[in-house]
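**Q** Just one file: protein_38.txt, with compact mmCIF, C-alpha atoms.
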# COMPACT_ATOMS: atom_id res chain seq x y z
CA MET A 281 292.32 60.45 144.91
CA ASN A 282 288.60 61.02 144.49
CA GLU A 283 286.96 64.45 144.46
CA GLU A 284 285.43 64.09 147.93
CA ALA A 285 288.82 63.37 149.49
CA ARG A 286 290.34 66.35 147.64
CA ASN A 287 287.61 68.66 148.91
CA GLU A 288 288.04 67.44 152.47
CA LEU A 289 291.80 67.84 152.15
CA ARG A 290 291.40 71.43 150.89
CA LEU A 291 289.02 72.23 153.74
CA LEU A 292 291.37 70.81 156.36
CA GLU A 293 294.36 72.62 154.88
CA SER A 294 292.49 75.94 154.85
CA LYS A 295 291.54 75.40 158.50
CA ASN A 296 295.18 74.73 159.27
CA VAL A 297 296.13 78.00 157.57
CA ARG A 298 293.59 79.94 159.65
CA ILE A 299 294.88 78.35 162.84
CA PHE A 300 298.41 79.27 161.84
CA GLN A 301 297.37 82.88 161.19
CA ILE A 302 295.61 83.32 164.50
CA MET A 303 298.53 81.67 166.29
CA GLY A 304 300.79 84.27 164.67
CA ALA A 305 298.58 87.09 165.94
CA LEU A 306 298.63 85.58 169.43
CA LYS A 307 302.40 85.08 169.41
CA LEU A 308 302.87 88.71 168.36
CA LEU A 309 300.58 89.80 171.19
CA ASN A 310 302.35 87.49 173.61
CA ASN A 311 305.81 88.87 172.75
CA LYS A 312 304.70 92.49 173.04
CA VAL A 313 302.90 91.89 176.32
CA LYS A 314 305.90 90.06 177.78
CA SER A 315 308.26 92.90 176.92
CA PHE A 316 305.71 95.42 178.23
CA VAL A 317 305.44 93.60 181.58
CA MET A 318 309.22 93.65 181.85
CA LYS A 319 309.18 97.39 181.09
CA LEU A 320 306.55 97.88 183.79
CA GLU A 321 308.72 96.10 186.32
CA ARG A 322 311.70 98.33 185.50
CA THR A 323 309.84 101.62 185.83
CA ALA A 324 308.48 103.10 188.99
CA ALA A 325 304.82 104.05 189.25
CA GLU A 326 305.39 107.74 188.54
CA GLU A 327 303.08 110.04 186.65
CA GLN A 328 305.58 110.94 183.92
CA ASN A 329 306.33 107.27 183.27
CA ASP A 330 302.61 106.47 183.10
CA LEU A 331 302.16 108.67 180.05
CA LEU A 332 304.93 106.86 178.16
CA LEU A 333 303.68 103.50 179.35
CA ASN A 334 300.15 104.33 178.21
CA GLN A 335 301.50 105.00 174.72
CA SER A 336 303.19 101.58 174.73
CA PHE A 337 300.03 100.04 176.12
CA GLY A 338 298.14 101.51 173.15
CA GLU A 339 300.26 99.32 170.86
CA ILE A 340 299.03 96.26 172.74
CA ILE A 341 295.45 97.42 172.27
CA ASN A 342 296.14 97.72 168.51
CA ASP A 343 297.51 94.16 168.51
CA ILE A 344 294.30 92.99 170.15
CA ARG A 345 292.33 94.65 167.36
CA PHE A 346 294.53 92.76 164.88
CA PHE A 347 293.81 89.54 166.77
CA LYS A 348 290.07 90.21 166.64
CA GLU A 349 290.26 90.72 162.85
CA GLU A 350 292.06 87.39 162.49
CA HIS A 351 289.45 85.82 164.76
CA LYS A 352 286.66 86.94 162.39
CA ARG A 353 288.36 85.03 159.56
CA PHE A 354 288.86 82.13 161.95
CA VAL A 355 285.12 81.97 162.66
CA ASP A 356 284.34 82.29 158.94
CA SER A 357 286.32 79.07 158.41
CA ASP A 358 283.95 77.19 160.77
CA LEU A 359 286.64 76.72 163.37
CA TYR A 360 285.52 76.71 166.95
CA ILE A 361 287.90 76.66 169.86
CA PRO A 362 286.00 77.72 172.99
CA ILE A 363 288.81 79.55 174.80
CA VAL A 364 289.72 81.60 171.72
CA ASP A 365 286.11 82.53 170.97
CA LYS A 366 285.37 83.49 174.56
CA PHE A 367 288.51 85.61 174.78
CA ALA A 368 287.84 87.38 171.47
CA ASN A 369 284.26 88.18 172.47
CA ASN A 370 285.13 89.45 175.96
CA VAL A 371 288.57 91.08 175.58
CA ASP A 372 287.09 94.55 175.09
CA ARG A 373 285.80 94.47 178.66
CA LEU A 374 289.38 94.76 179.92
CA PHE A 375 289.84 98.24 178.53
CA HIS A 376 288.31 101.63 179.30
CA SER A 377 285.47 102.69 177.09
CA ASP A 378 286.92 106.23 177.06
CA THR A 379 289.99 106.14 174.85
CA GLN A 380 291.40 109.37 176.34
CA GLU A 381 291.47 108.02 179.90
CA LEU A 382 294.92 106.94 181.10
CA TYR A 383 295.54 103.56 182.69
CA THR A 384 297.20 103.34 186.06
CA HIS A 385 300.37 101.36 186.60
CA THR A 386 298.49 98.57 188.41
CA GLU A 387 295.76 98.38 185.75
CA MET A 388 298.31 98.02 182.99
CA ARG A 389 300.14 95.33 184.93
CA ARG A 390 296.96 93.41 185.76
CA ILE A 391 295.70 93.53 182.16
CA SER A 392 299.11 92.67 180.69
CA VAL A 393 299.67 89.65 182.92
CA TYR A 394 296.16 88.41 182.13
CA LEU A 395 296.75 88.84 178.39
CA TYR A 396 300.07 87.02 178.61
CA ARG A 397 298.59 84.04 180.45
CA MET A 398 295.52 83.82 178.22
CA SER A 399 297.56 84.02 175.03
CA ASP A 400 299.75 81.18 176.28
CA MET A 401 296.70 79.02 176.97
CA MET A 402 295.14 79.85 173.61
CA ILE A 403 298.36 79.07 171.73
CA ARG A 404 298.46 75.67 173.44
CA GLU A 405 294.86 74.93 172.47
CA LEU A 406 295.47 76.06 168.89
CA MET A 407 298.59 73.89 168.59
CA GLN A 408 296.62 70.89 169.79
CA SER A 409 293.85 71.62 167.29
CA LYS A 410 296.41 72.10 164.51
CA SER A 411 298.04 68.74 165.25
CA GLU A 412 294.62 67.02 165.20
CA ILE A 413 293.93 68.50 161.77
CA GLU A 414 297.38 67.43 160.56
CA GLN A 415 296.62 63.88 161.71
CA LYS A 416 293.41 63.92 159.67
CA ILE A 417 295.32 65.22 156.64
CA HIS A 418 297.89 62.50 157.10
CA ALA A 419 295.15 59.85 157.36
CA ILE A 420 293.62 61.06 154.08
CA HIS A 421 296.98 60.92 152.34
CA LEU A 422 297.67 57.49 153.78
CA ALA A 423 294.28 56.19 152.63
CA ASN A 424 294.95 57.48 149.13
CA GLY A 425 298.40 55.98 148.72
CA LYS A 426 300.57 58.93 149.78
CA TYR A 427 302.72 58.18 152.74
CA TYR A 428 305.30 60.55 154.15
CA PHE A 429 308.03 58.95 156.23
CA ASN A 430 308.84 62.06 158.23
CA ARG A 431 305.31 62.67 159.46
CA LYS A 432 304.18 62.09 163.01
Any chance you could give the structure as structure tokens?

**A**
Amino acid sequence: MNEEARNELRLLESKNVRIFQIMGALKLLNNKVKSFVMKLERTAAEEQNDLLLNQSFGEIINDIRFFKEEHKRFVDSDLYIPIVDKFANNVDRLFHSDTQELYTHTEMRRISVYLYRMSDMMIRELMQSKSEIEQKIHAIHLANGKYYFNRK
């Protein structure tokens, strides 16, 4: 295998790693949001429940910060997936600028359902992008005499 093919292979594999990492952050967010929406459905919209729910909602906000950190590394790898970039740049608009202000039951539900749906769409896009990169990696291996029987 020549040096150019090795460099391209390394680049594609590092992109695949970044996609895998951001998918992990999105799946973590997706699981937490799903369980939070179920918790919202079980509780009534009472003031004492809102305080506990706001604490749980704060964990989701922390997961979004984690996602944004992973997205910075994603961008540094020259990966561009429009839906992920747009979401990462605009997700802060969903939340109050005042961190001490409590969210209402309906606000938490609206934001959580939106986050759940968007994370599903982004995971789908990332999986498609990951499979395209894997096909390119496979083509490089095939062109250089390595063939794996169990590959797609």

**Q** What does the distance from atom CA of A:Arg286 to atom CA of A:Ile420 come to in Å, to one decimal?

**A** 9.0 Å

**Q** Restricting the calculation to all atoms listed in the file: of A:Asn311, A:Ser294, A:Gln380, A:Asn334, which residue gets closest to A:Arg353?

**A** A:Ser294

**Q** Distance atom CA of A:Lys348-atom CA of A:Leu333, one decimal place?

**A**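 It comes out at 22.9 Å.
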
**Q** Using all atoms listed in the file, which residues sit within 8 Å of A:Ile403 once same-chain residues fewer than 5 positions away are excluded, as a PyMOL selection string?

**A** chain A and resi 303+306-307

**Q** Write out, as a tab-separated table (two decimals), keeping the file's coordinate frame, the residues just selected, with C-alpha atoms.

**A**
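The result, stored in part-v4.tsv:
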chain	number	residue	atom	x	y	z
A	303	MET	CA	298.53	81.67	166.29
A	306	LEU	CA	298.63	85.58	169.43
A	307	LYS	CA	302.40	85.08	169.41

**Q** What's the separation between atom CA of A:Val297 and atom CA of A:Ser315, in Å to one decimal place?

**A** 27.3 Å

**Q** Pick from A:Ile413, A:Ile302, A:Leu332, A:Met407: nearest to A:Glu349, with all atoms listed in the file counted?

**A** A:Ile302

**Q** Report as a VMD selection string all protein, DNA and RNA residues lying within 8 Å of stretch 388-394 of chain A, evaluated on only C-alpha atoms, omitting residues in the same chain fewer than 6 positions from it.

**A** chain A and resid 313 to 314 316 to 317 320 337 374

**Q** Nearest to A:Gly338 among A:Tyr383, A:Arg298, A:Asp365, A:Phe354, with distances taken over all atoms listed in the file: which residue is it?

**A**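 Smallest distance to A:Gly338 is found for A:Tyr383.
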
**Q** Take the point (290.0, 88.0, 166.4) in the file's coordinates, draw a sphere of radius 12 Å around it, and report as a ChimeraX atom specification every protein, DNA or RNA residue with an atom inside or on it, counting all atoms listed in the file.

**A** /A:298-299,301-306,309,342-356,363-372

**Q** Nearest to A:Thr384 among A:Asn296, A:Arg290, A:Asp330, A:Lys410, with distances taken over all atoms listed in the file: which residue is it?

**A** A:Asp330

**Q** From the options A:Thr323, A:Ser336, A:Ser399, A:Ser409, which residue's atoms come nearest to A:Leu359, counting all atoms listed in the file?

**A**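 With all atoms listed in the file as the atom set, the closest residue is A:Ser409.
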
**Q** Using all atoms listed in the file, pick whichever of A:Ile341, A:Asn310, A:Asn424, A:Leu331 has the shortest atom-to-atom distance to A:Arg397.

**A** A:Asn310

**Q** Give me the box for stretch 408-416 of chain A as AutoDock Vina command-line options, namely the centre and edge lengths in Å to one decimal of a box along x, y and z that holds every listed atom plus 5 Å on each side.

**A**
--center_x 295.7 --center_y 68.0 --center_z 164.7 --size_x 14.6 --size_y 18.2 --size_z 20.1
